[in-house]
Structure formats: C-alpha cells, structure tokens
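What follows is start_8.cif (mmCIF, C-alpha atoms (C1' of nucleotides) and all ligand atoms).
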```cif
data_work
#
loop_
_atom_site.label_atom_id
_atom_site.label_comp_id
_atom_site.auth_asym_id
_atom_site.auth_seq_id
_atom_site.Cartn_x
_atom_site.Cartn_y
_atom_site.Cartn_z
CA MET K 169 -106.64 54.29 -14.98
CA ASN K 170 -108.63 51.15 -14.21
CA GLU K 171 -109.33 49.48 -10.90
CA ILE K 172 -106.74 46.75 -11.26
CA ASP K 173 -103.94 49.15 -12.00
CA LYS K 174 -104.88 51.11 -8.93
CA LYS K 175 -104.67 47.99 -6.84
CA LEU K 176 -101.27 47.16 -8.24
CA LEU K 177 -99.94 50.64 -7.63
CA ASP K 178 -101.37 50.51 -4.16
CA LYS K 179 -99.17 47.49 -3.53
CA GLU K 180 -96.17 49.18 -5.14
CA VAL K 181 -96.25 47.10 -8.28
CA ARG K 182 -95.93 48.90 -11.57
CA PRO K 183 -98.94 48.03 -13.67
CA THR K 184 -97.58 46.70 -16.92
CA ALA K 185 -99.87 45.22 -19.56
CA MET K 186 -98.79 41.72 -18.61
CA ARG K 187 -99.35 42.24 -14.92
CA THR K 188 -102.79 43.66 -15.42
CA LEU K 189 -103.76 40.69 -17.53
CA VAL K 190 -102.41 38.20 -15.04
CA TYR K 191 -104.26 39.92 -12.25
CA GLN K 192 -107.46 39.79 -14.29
CA GLN K 193 -106.94 36.12 -14.94
CA LEU K 194 -106.40 35.40 -11.26
CA ALA K 195 -109.48 37.40 -10.33
CA LYS K 196 -111.58 35.19 -12.57
CA GLN K 197 -110.63 32.01 -10.72
CA ASN K 198 -112.54 30.48 -7.90
CA THR K 199 -109.75 28.07 -7.14
CA ALA K 200 -106.05 28.43 -6.58
CA VAL K 201 -104.05 28.01 -9.78
CA ALA K 202 -100.68 26.63 -10.71
CA LEU K 203 -98.22 28.50 -12.86
CA THR K 204 -98.97 26.05 -15.63
CA ASP K 205 -102.63 27.01 -15.50
CA ILE K 206 -101.75 30.64 -15.99
CA GLU K 207 -99.42 29.66 -18.78
CA LEU K 208 -102.25 27.95 -20.61
CA ALA K 209 -104.33 31.09 -20.46
CA PHE K 210 -101.54 33.16 -22.01
CA THR K 211 -100.11 31.17 -24.84
CA LYS K 212 -98.31 34.20 -26.16
CA ALA K 213 -96.50 35.11 -22.98
CA ASP K 214 -93.38 33.43 -21.77
CA ARG K 215 -93.47 31.14 -18.79
CA THR K 216 -90.65 33.04 -17.11
CA THR K 217 -92.50 36.30 -17.31
CA LEU K 218 -95.55 34.75 -15.76
CA TYR K 219 -93.38 33.13 -13.14
CA ARG K 220 -91.79 36.43 -12.22
CA THR K 221 -95.07 38.25 -12.35
CA VAL K 222 -96.55 35.87 -9.83
CA LYS K 223 -93.43 36.05 -7.67
CA THR K 224 -93.65 39.81 -7.66
CA PHE K 225 -97.31 39.61 -6.74
CA GLU K 226 -96.41 37.28 -3.93
CA GLU K 227 -93.66 39.50 -2.55
CA LYS K 228 -95.96 42.49 -2.58
CA GLY K 229 -98.83 40.71 -0.91
CA ILE K 230 -101.10 40.56 -3.92
CA VAL K 231 -101.24 36.79 -4.09
CA HIS K 232 -100.29 34.09 -1.62
CA GLN K 233 -98.59 30.87 -2.48
CA ILE K 234 -100.26 27.65 -1.43
CA ASP K 235 -98.55 24.37 -0.80
CA ASP K 236 -101.37 21.88 -1.14
CA GLY K 237 -99.23 18.78 -0.90
CA THR K 238 -99.24 18.00 -4.60
CA GLY K 239 -95.74 19.36 -5.01
CA ILE K 240 -96.99 22.01 -7.39
CA SER K 241 -97.25 25.54 -6.04
CA LYS K 242 -100.64 27.14 -6.33
CA TYR K 243 -101.47 30.81 -6.15
CA ALA K 244 -104.55 32.79 -5.25
CA LEU K 245 -105.32 36.45 -4.90
CA CYS K 246 -105.29 37.70 -1.36
CA GLU K 247 -108.60 38.79 0.01
CA PRO K 248 -109.14 42.50 0.37
CA GLY K 249 -107.92 43.45 3.80
CA CYS K 250 -105.43 40.60 3.97
CA ASN K 251 -102.07 41.97 4.98
CA CYS K 252 -99.90 39.12 3.82
CA GLU K 253 -96.74 41.18 3.66
CA ILE K 254 -97.02 42.07 7.32
CA GLU K 255 -98.89 39.20 8.87
CA ASN K 256 -100.01 35.97 7.30
CA ASP K 257 -103.66 35.39 6.72
CA LEU K 258 -103.89 31.98 8.29
CA HIS K 259 -106.89 30.46 6.61
CA LEU K 260 -107.01 26.85 5.67
CA HIS K 261 -106.79 25.29 2.25
CA PHE K 262 -108.62 22.36 0.82
CA HIS K 263 -107.35 20.08 -1.90
CA CYS K 264 -109.78 17.79 -3.64
CA SER K 265 -108.35 14.38 -4.39
CA ASN K 266 -111.02 13.87 -7.02
CA CYS K 267 -110.92 16.97 -9.22
CA ASP K 268 -107.46 18.02 -8.06
CA LYS K 269 -108.62 21.55 -7.38
CA THR K 270 -107.37 23.58 -4.47
CA VAL K 271 -109.46 26.24 -2.81
CA CYS K 272 -108.93 28.87 -0.17
CA LEU K 273 -111.34 28.53 2.71
CA THR K 274 -110.86 32.13 3.68
CA GLU K 275 -113.50 32.07 6.35
CA HIS K 276 -111.93 29.12 8.11
CA LYS K 277 -109.05 30.40 10.14
CA ILE K 278 -106.41 28.11 11.52
CA PRO K 279 -106.91 27.49 15.23
CA GLN K 280 -104.29 28.47 17.75
CA ILE K 281 -101.65 25.73 17.92
CA SER K 282 -99.79 24.93 21.10
CA LEU K 283 -96.14 24.04 20.78
CA PRO K 284 -93.59 22.50 23.12
CA ASP K 285 -91.38 24.86 25.12
CA GLY K 286 -88.71 26.60 23.10
CA TYR K 287 -90.56 26.40 19.80
CA VAL K 288 -91.50 29.69 18.20
CA ALA K 289 -94.16 29.73 15.49
CA GLU K 290 -93.79 32.09 12.56
CA ASP K 291 -96.15 30.59 10.04
CA VAL K 292 -98.68 27.81 9.86
CA ASN K 293 -99.86 25.78 6.91
CA LEU K 294 -103.00 23.72 7.24
CA VAL K 295 -104.24 21.72 4.29
CA VAL K 296 -107.19 19.38 4.32
CA LYS K 297 -107.33 16.78 1.59
CA GLY K 298 -110.59 15.13 0.63
CA ILE K 299 -113.61 15.58 -1.57
CA CYS K 300 -114.80 19.07 -2.41
CA SER K 301 -118.43 20.13 -2.48
CA ASP K 302 -118.54 19.97 -6.28
CA CYS K 303 -117.36 16.40 -6.25
CA SER K 304 -119.20 15.08 -3.23
CA GLY K 305 -122.49 15.95 -4.96
CA SER K 306 -124.20 17.30 -1.90
CA MET T 125 -83.35 -12.75 14.27
CA ASN T 126 -82.96 -9.20 15.58
CA GLU T 127 -85.57 -6.72 16.72
CA ILE T 128 -85.61 -4.67 13.53
CA ASP T 129 -86.20 -7.66 11.30
CA LYS T 130 -89.07 -8.70 13.52
CA LYS T 131 -90.62 -5.29 13.11
CA LEU T 132 -90.23 -5.44 9.36
CA LEU T 133 -91.77 -8.89 9.14
CA ASP T 134 -94.55 -7.74 11.38
CA LYS T 135 -95.36 -5.13 8.76
CA GLU T 136 -95.05 -7.66 5.95
CA VAL T 137 -91.77 -6.34 4.66
CA ARG T 138 -89.06 -8.84 3.89
CA PRO T 139 -86.03 -7.90 5.92
CA THR T 140 -83.19 -7.59 3.45
CA ALA T 141 -79.79 -6.32 4.49
CA MET T 142 -80.47 -2.98 2.90
CA ARG T 143 -83.84 -2.54 4.56
CA THR T 144 -82.52 -3.39 7.97
CA LEU T 145 -79.76 -0.83 7.57
CA VAL T 146 -82.15 1.86 6.39
CA TYR T 147 -84.43 1.16 9.30
CA GLN T 148 -81.49 1.44 11.67
CA GLN T 149 -80.49 4.71 10.12
CA LEU T 150 -84.00 6.10 10.45
CA ALA T 151 -84.20 4.95 14.06
CA LYS T 152 -81.09 6.97 14.87
CA GLN T 153 -82.64 10.22 13.73
CA ASN T 154 -84.46 12.63 15.93
CA THR T 155 -85.69 14.60 12.96
CA ALA T 156 -87.43 13.70 9.74
CA VAL T 157 -85.01 13.07 6.90
CA ALA T 158 -85.00 13.57 3.17
CA LEU T 159 -84.05 10.87 0.72
CA THR T 160 -80.85 12.78 0.07
CA ASP T 161 -79.96 12.53 3.75
CA ILE T 162 -80.32 8.78 3.65
CA GLU T 163 -78.32 8.70 0.47
CA LEU T 164 -75.45 10.48 2.19
CA ALA T 165 -75.43 7.88 4.93
CA PHE T 166 -75.16 5.04 2.42
CA THR T 167 -72.67 6.07 -0.19
CA LYS T 168 -72.42 2.51 -1.45
CA ALA T 169 -76.12 1.97 -2.04
CA ASP T 170 -77.97 3.19 -5.06
CA ARG T 171 -80.38 6.08 -4.78
CA THR T 172 -83.15 4.09 -6.41
CA THR T 173 -82.85 1.29 -3.92
CA LEU T 174 -83.09 3.72 -1.04
CA TYR T 175 -85.99 5.42 -2.78
CA ARG T 176 -87.87 2.18 -3.18
CA THR T 177 -86.99 1.04 0.29
CA VAL T 178 -88.50 4.15 1.78
CA LYS T 179 -91.56 3.86 -0.49
CA THR T 180 -92.08 0.30 0.64
CA PHE T 181 -91.74 1.38 4.26
CA GLU T 182 -94.30 4.06 3.61
CA GLU T 183 -96.80 1.74 1.97
CA LYS T 184 -96.51 -0.72 4.81
CA GLY T 185 -96.89 1.89 7.52
CA ILE T 186 -93.32 1.78 8.79
CA VAL T 187 -92.55 5.38 7.95
CA HIS T 188 -94.75 8.32 7.11
CA GLN T 189 -93.99 10.92 4.52
CA ILE T 190 -93.96 14.53 5.60
CA ASP T 191 -94.59 17.52 3.41
CA ASP T 192 -93.02 20.32 5.38
CA GLY T 193 -93.45 22.97 2.72
CA THR T 194 -89.87 22.92 1.52
CA GLY T 195 -90.79 20.91 -1.53
CA ILE T 196 -88.57 18.07 -0.40
CA SER T 197 -90.28 15.03 1.04
CA LYS T 198 -89.18 14.04 4.49
CA TYR T 199 -89.64 10.70 6.17
CA ALA T 200 -89.81 9.57 9.76
CA LEU T 201 -90.46 6.28 11.47
CA CYS T 202 -93.97 5.85 12.70
CA GLU T 203 -94.42 5.70 16.40
CA PRO T 204 -95.20 2.33 17.90
CA GLY T 205 -98.94 1.98 17.91
CA CYS T 206 -99.40 4.28 14.95
CA ASN T 207 -101.65 2.61 12.41
CA CYS T 208 -100.75 4.65 9.40
CA GLU T 209 -101.92 2.07 6.91
CA ILE T 210 -105.40 2.11 8.33
CA GLU T 211 -105.80 5.55 9.77
CA ASN T 212 -103.47 8.50 9.62
CA ASP T 213 -101.73 9.56 12.75
CA LEU T 214 -102.57 13.21 12.59
CA HIS T 215 -99.86 14.82 14.62
CA LEU T 216 -98.37 18.12 13.63
CA HIS T 217 -94.97 18.79 12.15
CA PHE T 218 -92.59 21.60 12.79
CA HIS T 219 -90.11 22.97 10.32
CA CYS T 220 -87.34 25.22 11.59
CA SER T 221 -86.54 28.07 9.27
CA ASN T 222 -83.16 28.43 10.91
CA CYS T 223 -81.64 24.95 10.93
CA ASP T 224 -83.98 23.62 8.26
CA LYS T 225 -84.80 20.57 10.34
CA THR T 226 -88.25 19.05 10.44
CA VAL T 227 -89.55 17.24 13.48
CA CYS T 228 -92.61 15.21 14.33
CA LEU T 229 -94.50 16.61 17.27
CA THR T 230 -96.13 13.29 17.92
CA GLU T 231 -97.80 14.40 21.09
CA HIS T 232 -99.47 17.33 19.40
CA LYS T 233 -102.47 16.04 17.52
CA ILE T 234 -104.21 18.09 14.88
CA PRO T 235 -107.42 19.59 16.21
CA GLN T 236 -110.75 18.80 14.65
CA ILE T 237 -111.26 21.03 11.63
CA SER T 238 -114.67 22.27 10.58
CA LEU T 239 -115.36 22.46 6.87
CA PRO T 240 -118.10 24.05 4.76
CA ASP T 241 -121.05 21.90 3.81
CA GLY T 242 -120.31 19.32 1.16
CA TYR T 243 -116.62 19.06 1.93
CA VAL T 244 -115.38 15.68 3.10
CA ALA T 245 -112.02 15.44 4.85
CA GLU T 246 -109.81 12.46 4.22
CA ASP T 247 -106.46 13.69 5.39
CA VAL T 248 -105.02 16.72 7.11
CA ASN T 249 -101.56 18.21 6.99
CA LEU T 250 -100.57 20.77 9.57
CA VAL T 251 -97.10 22.26 9.50
CA VAL T 252 -95.83 25.00 11.73
CA LYS T 253 -92.82 26.91 10.53
CA GLY T 254 -90.64 28.84 12.90
CA ILE T 255 -87.69 28.43 15.24
CA CYS T 256 -87.09 25.11 16.91
CA SER T 257 -86.04 24.70 20.52
CA ASP T 258 -82.43 24.03 19.54
CA CYS T 259 -82.27 27.27 17.61
CA SER T 260 -84.31 29.52 19.88
CA GLY T 261 -81.82 28.85 22.67
CA SER T 262 -84.35 28.48 25.41
"C1'" DA U 107 -87.47 65.49 -27.98
"C1'" DA U 108 -83.47 63.05 -27.26
"C1'" DT U 109 -80.67 60.72 -23.83
"C1'" DT U 110 -79.91 57.98 -19.98
"C1'" DA U 111 -81.33 54.95 -16.38
"C1'" DT U 112 -84.22 51.51 -14.66
"C1'" DA U 113 -87.43 47.88 -14.84
"C1'" DG U 114 -89.76 44.14 -17.44
"C1'" DT U 115 -89.72 40.52 -20.84
"C1'" DG U 116 -88.25 36.43 -23.67
"C1'" DC U 117 -85.23 32.75 -24.70
"C1'" DA U 118 -82.13 29.32 -23.42
"C1'" DA U 119 -80.22 26.70 -20.14
"C1'" DT U 120 -79.71 24.69 -15.54
"C1'" DG U 121 -80.84 22.23 -11.24
"C1'" DG U 122 -83.10 19.27 -8.06
"C1'" DA U 123 -85.98 15.90 -6.91
"C1'" DA U 124 -89.26 12.24 -8.14
"C1'" DG U 125 -90.17 8.44 -10.79
"C1'" DT U 126 -89.68 4.38 -14.49
"C1'" DG U 127 -87.72 0.41 -17.54
"C1'" DC U 128 -84.95 -3.14 -17.71
"C1'" DA U 129 -81.19 -6.23 -16.89
"C1'" DT U 130 -78.83 -8.41 -12.99
"C1'" DT U 131 -78.60 -10.44 -8.63
"C1'" DA U 132 -80.28 -12.20 -4.36
"C1'" DA U 133 -83.71 -14.65 -1.70
"C1'" DC U 134 -87.25 -17.84 -1.12
"C1'" DT U 135 -89.97 -22.22 -2.55
"C1'" DT U 136 -90.39 -26.84 -4.06
"C1'" DA W 67 -80.52 -28.05 -7.36
"C1'" DA W 68 -83.84 -25.95 -10.15
"C1'" DG W 69 -87.25 -22.79 -10.66
"C1'" DT W 70 -89.78 -18.73 -9.13
"C1'" DT W 71 -90.31 -14.39 -7.16
"C1'" DA W 72 -88.56 -10.22 -5.12
"C1'" DA W 73 -84.86 -6.78 -4.57
"C1'" DT W 74 -81.19 -4.12 -6.37
"C1'" DG W 75 -78.33 -1.09 -9.53
"C1'" DC W 76 -77.78 1.60 -13.58
"C1'" DA W 77 -79.42 4.59 -17.02
"C1'" DC W 78 -82.68 7.44 -18.40
"C1'" DT W 79 -86.79 10.42 -18.20
"C1'" DT W 80 -90.02 13.88 -16.59
"C1'" DC W 81 -91.59 17.80 -14.33
"C1'" DC W 82 -91.45 22.00 -12.18
"C1'" DA W 83 -88.75 25.71 -10.25
"C1'" DT W 84 -85.21 28.89 -10.99
"C1'" DT W 85 -81.39 31.71 -13.14
"C1'" DG W 86 -78.27 34.35 -16.63
"C1'" DC W 87 -78.22 37.22 -20.16
"C1'" DA W 88 -79.60 39.81 -24.00
"C1'" DC W 89 -83.31 42.67 -25.60
"C1'" DT W 90 -87.14 45.85 -25.11
"C1'" DA W 91 -90.24 48.88 -23.01
"C1'" DT W 92 -91.09 52.28 -19.59
"C1'" DA W 93 -89.82 56.09 -16.66
"C1'" DA W 94 -86.72 59.87 -15.36
"C1'" DT W 95 -83.48 63.46 -16.62
"C1'" DT W 96 -81.34 66.79 -19.47
MN MN M 401 -105.58 30.88 0.42
MN MN M 402 -94.53 12.81 11.85
ZN ZN M 403 -113.39 18.17 -6.33
ZN ZN M 404 -83.77 24.85 14.27
#
```
Give the structure from the file, written as structure tokens.
Amino acid sequence: MNEIDKKLLDKEVRPTAMRTLVYQQLAKQNTAVALTDIELAFTKADRTTLYRTVKTFEEKGIVHQIDDGTGISKYALCEPGCNCEIENDLHLHFHCSNCDKTVCLTEHKIPQISLPDGYVAEDVNLVVKGICSDCSGS
Amino acid sequence: MNEIDKKLLDKEVRPTAMRTLVYQQLAKQNTAVALTDIELAFTKADRTTLYRTVKTFEEKGIVHQIDDGTGISKYALCEPGCNCEIENDLHLHFHCSNCDKTVCLTEHKIPQISLPDGYVAEDVNLVVKGICSDCSGS
DNA sequence: AATTATAGTGCAATGGAAGTGCATTAACTT
DNA sequence: AAGTTAATGCACTTCCATTGCACTATAATT
C-alpha cells in the first residue's frame, strides 16, 4: 500500500482509485484549486464524483475549503499536523487579482480578534486580495 | 428635498423614487442584507432594478458589499465618513451561524497584516463566524 | 466461491444567485 | 415641446453548487 492510501485510511477515508488520484493531483498544486480545475485534470471522471470526493476530503480534514471572495470555492490539502476536523487551522489566504490564483499562507496565522460583548467566535476567515509575488515581479 | 436625496446627490447618484426607497430600506436595517431581502421588501419592484440600484450604490460608495462566506452577497450602508470609493473601510464582519445574520462591526478595524516578500495587499476581508449577541443570550 | 450489504460512481436534473440585452418609460436639458 | 439621456421591467442566460436515482465496485458474511 502506498503513502497516499495510508494517509487516506488514517483519516478514515477508503482509498478508492479515484480518491488516490485526486489526492495526488491536489498534492501537485502549489495553489488552491477550484472544482473545475480538478475536473480539467480528469476528463474521464464525472464532475459529481470529484465534487463528492472533495467534500469527503473536507469532512475528514484532508482538505480545507477556501472562500477567496471570487464566489468559487477553492480547496487545498491541509498541512501535516493540521487538525481541521477538531480545530481550524486559522492561516490566512491570499488571492491575486492579476493571475486569479489563491494561495494558502500557512505560516501566517490570523491574529486574535476582539469582539463586542456577547459575540462568540467559532471560525475566522481572513483573505487578502492583491498582487502575488509571481505577478509583482519582485 | 429630503435628507436621503441630498445624500444620494452628494454621491453623484440621481435620486429616483426607487433609489430613495431602497436607501430608506437599507437605513432601517441593523444587519447587512442580501438582494433577496430587499426584493421581499419591494414586491412591486423588479429584481433587476433592485440589483442595479444596489450596484450603483456600491460603485458610488453608498453601500459596501460583504462576502460573509455564505456565498450570498450582503450589502450595508457605509458609515458617514467612510470613503469606500477611495479607500476601503476595513472593518470586520460577523456572521452568526445561528440566526444567519451578518453585521458590520464598524468599530473593529482589521489589524495590519504582514505578508511574505513580493506580495502586495490591495484589499482585506475579515469575517468572523460564530454566535451573535442576540443568539448567545448574554 | 457465491451471496448479501455497503459504499462509490455516473448521469441527469434541479436550484439559487448573479448578470446581460433590449424594449419601454421616466427624467432631465435645451 | 422636442430631443436626449438615464432608469426601469421583462425575459433570458450563465455559472457553480447540489441532489436523486440507478448502476457498479468493494467489502463483509455465509
Ligand atoms: Mn489554506
Ligand atoms: Mn460592513
Ligand atoms: Zn498573481
Ligand atoms: Zn445570531
């Protein structure tokens, strides 16, 4: 059994052929990807299957969903050690308005946010929009 | 001429009957509203008109659009003194997972965010999800 | 190994919200 | 009043997310 299948089993996801391939595909990326992106990489697989694969991954803490403000959900593998299922990994995300790519800035954690009395925080989403390092040419 | 129309003119928006009414409606709210919410308040007006009214308001800095992570755009009047057209008013937003309401926490500005080298920030969106003061009962 | 149960996949269809084209109507200008 | 420009209403489109159901593969049981 290969490494990926072990990881899937570890997260209580049965390693089907499709799932292994999708995981591989995600592991290749250095940006967060939309479902459509995955779809393009697997012309033979059905969109629904990919959709449900990613949803399963999300539920089991293998990927996290990213709302980058474009209206299209992006997904990225969770870092090793990230316990998404239990506690969110509150790093920030960056969306480039030039190349339209979205990246996880895993090292940049979201600062503690103070809220008015009576408000209870459960989750925080912080997205910075601007020009990424590839596009700023510096 | 009434107060609302003055405000609209001040922002270079011609105060039509429809626009004045939409502004009034927005002023009544204490939460951010979706287009559908506005639609419900104006059963006689067409969705498109309301849509374009809100878009115009947004372009002219009368309202700001809020992406609260639900996938449905919300809108709220800008605070007096907010110069949205020129510079974003970077306050945080709170979305209640219980009552599904989204509020502007105008007093809570988004802290300065540090980015990796080469990244240039243009805009920041910070949304906290959790339980609002109405729902937490405290 | 054959049978049964369970989980995954593919296809078709739906839903919700955002957005556009165009004809009509209202508002402003001269 | 006539002409011009902007706003409105209706119909239609697009895009992505999501679901129902039949079919197939995988796992468990006999
Ligand atoms: Mn991330
Ligand atoms: Mn706001
Ligand atoms: Zn870029
Ligand atoms: Zn609430």
Do you know which residues are at most 9 Å from region 76-93 of chain W counting all atoms listed in the file, after dropping those on the same chain fewer than 3 positions away, and could you put them as an mmCIF file with C-alpha atoms (C1' of nucleotides), in the coordinates of the input?
```
data_model
loop_
_atom_site.group_PDB
_atom_site.id
_atom_site.type_symbol
_atom_site.label_atom_id
_atom_site.label_comp_id
_atom_site.auth_asym_id
_atom_site.auth_seq_id
_atom_site.Cartn_x
_atom_site.Cartn_y
_atom_site.Cartn_z
ATOM 1 C CA THR K 184 -97.580 46.700 -16.920
ATOM 2 C CA GLY K 239 -95.740 19.360 -5.010
ATOM 3 C CA ILE K 240 -96.990 22.010 -7.390
ATOM 4 C CA ASP T 170 -77.970 3.190 -5.060
ATOM 5 C "C1'" DA U 111 -81.330 54.950 -16.380
ATOM 6 C "C1'" DT U 112 -84.220 51.510 -14.660
ATOM 7 C "C1'" DA U 113 -87.430 47.880 -14.840
ATOM 8 C "C1'" DG U 114 -89.760 44.140 -17.440
ATOM 9 C "C1'" DT U 115 -89.720 40.520 -20.840
ATOM 10 C "C1'" DG U 116 -88.250 36.430 -23.670
ATOM 11 C "C1'" DA U 119 -80.220 26.700 -20.140
ATOM 12 C "C1'" DT U 120 -79.710 24.690 -15.540
ATOM 13 C "C1'" DG U 121 -80.840 22.230 -11.240
ATOM 14 C "C1'" DG U 122 -83.100 19.270 -8.060
ATOM 15 C "C1'" DA U 124 -89.260 12.240 -8.140
ATOM 16 C "C1'" DG U 125 -90.170 8.440 -10.790
ATOM 17 C "C1'" DT U 126 -89.680 4.380 -14.490
ATOM 18 C "C1'" DG U 127 -87.720 0.410 -17.540
#
```
In file coordinates, which residues lie within 10 Å of (-93.7, 20.1, 11.8) using all atoms listed in the file, given as an MDAnalysis selection string? (chainID K and resid 292:293) or (chainID T and resid 155:156 190:193 215:220 225:230 232 249:254 256)
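Pairwise distance (CA of Ala209 (chain K), CA of Glu247 (chain K)) equals 22.3 Å.
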Restricting the calculation to only C-alpha atoms (C1' of nucleotides), which member of U:DT136, U:DT131, U:DT110, U:DC117 is positioned closest to DA67 (chain W)?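 Looking at the shortest contact to DA67 (chain W), the residue is U:DT136.
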By how many Å are CA of Glu226 (chain K) and CA of Ile206 (chain K) apart?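 These two atoms are separated by 14.8 Å.
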Wanna dump the chain T-ligand ZN 403 (chain M) contacts at 12 Å for me, each residue with its shortest atom pair and the distance in Å to one decimal, counting only C-alpha atoms and all ligand atoms, ordered by chain and number, as CSV?
```
residue,atom,partner,partner_atom,distance
T:Gly242,CA,M:ZN403,ZN,10.3
T:Tyr243,CA,M:ZN403,ZN,8.9
T:Val244,CA,M:ZN403,ZN,10.0
T:Ala245,CA,M:ZN403,ZN,11.6
```
Give me, as a ChimeraX atom specification, the contact residues of chain T against chain W at a cut-off of 12 Å, counting all atoms listed in the file. /T:137-143,168-177,180,195
File dump, residues just selected, C-alpha atoms, as a tab-separated table (two decimals), in the frame of the given file:
```tsv
chain	number	residue	atom	x	y	z
T	137	VAL	CA	-91.77	-6.34	4.66
T	138	ARG	CA	-89.06	-8.84	3.89
T	139	PRO	CA	-86.03	-7.90	5.92
T	140	THR	CA	-83.19	-7.59	3.45
T	141	ALA	CA	-79.79	-6.32	4.49
T	142	MET	CA	-80.47	-2.98	2.90
T	143	ARG	CA	-83.84	-2.54	4.56
T	168	LYS	CA	-72.42	2.51	-1.45
T	169	ALA	CA	-76.12	1.97	-2.04
T	170	ASP	CA	-77.97	3.19	-5.06
T	171	ARG	CA	-80.38	6.08	-4.78
T	172	THR	CA	-83.15	4.09	-6.41
T	173	THR	CA	-82.85	1.29	-3.92
T	174	LEU	CA	-83.09	3.72	-1.04
T	175	TYR	CA	-85.99	5.42	-2.78
T	176	ARG	CA	-87.87	2.18	-3.18
T	177	THR	CA	-86.99	1.04	0.29
T	180	THR	CA	-92.08	0.30	0.64
T	195	GLY	CA	-90.79	20.91	-1.53
```
Would you name the residues within 7 Å of ligand ZN 404 (chain M), counting all atoms listed in the file, and put them as a ChimeraX atom specification? /T:220-225,255-259
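Between CA of His232 (chain K) and CA of Pro279 (chain K) the interatomic distance comes to 19.3 Å.
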Around region 116-128 of chain U, with edges along x, y and z and 3 Å added on all six sides, what centre and edge lengths do you get, in Å to one decimal, as JSON?
```
{"center_x": -84.9, "center_y": 16.6, "center_z": -15.8, "size_x": 16.5, "size_y": 45.6, "size_z": 23.8}
```
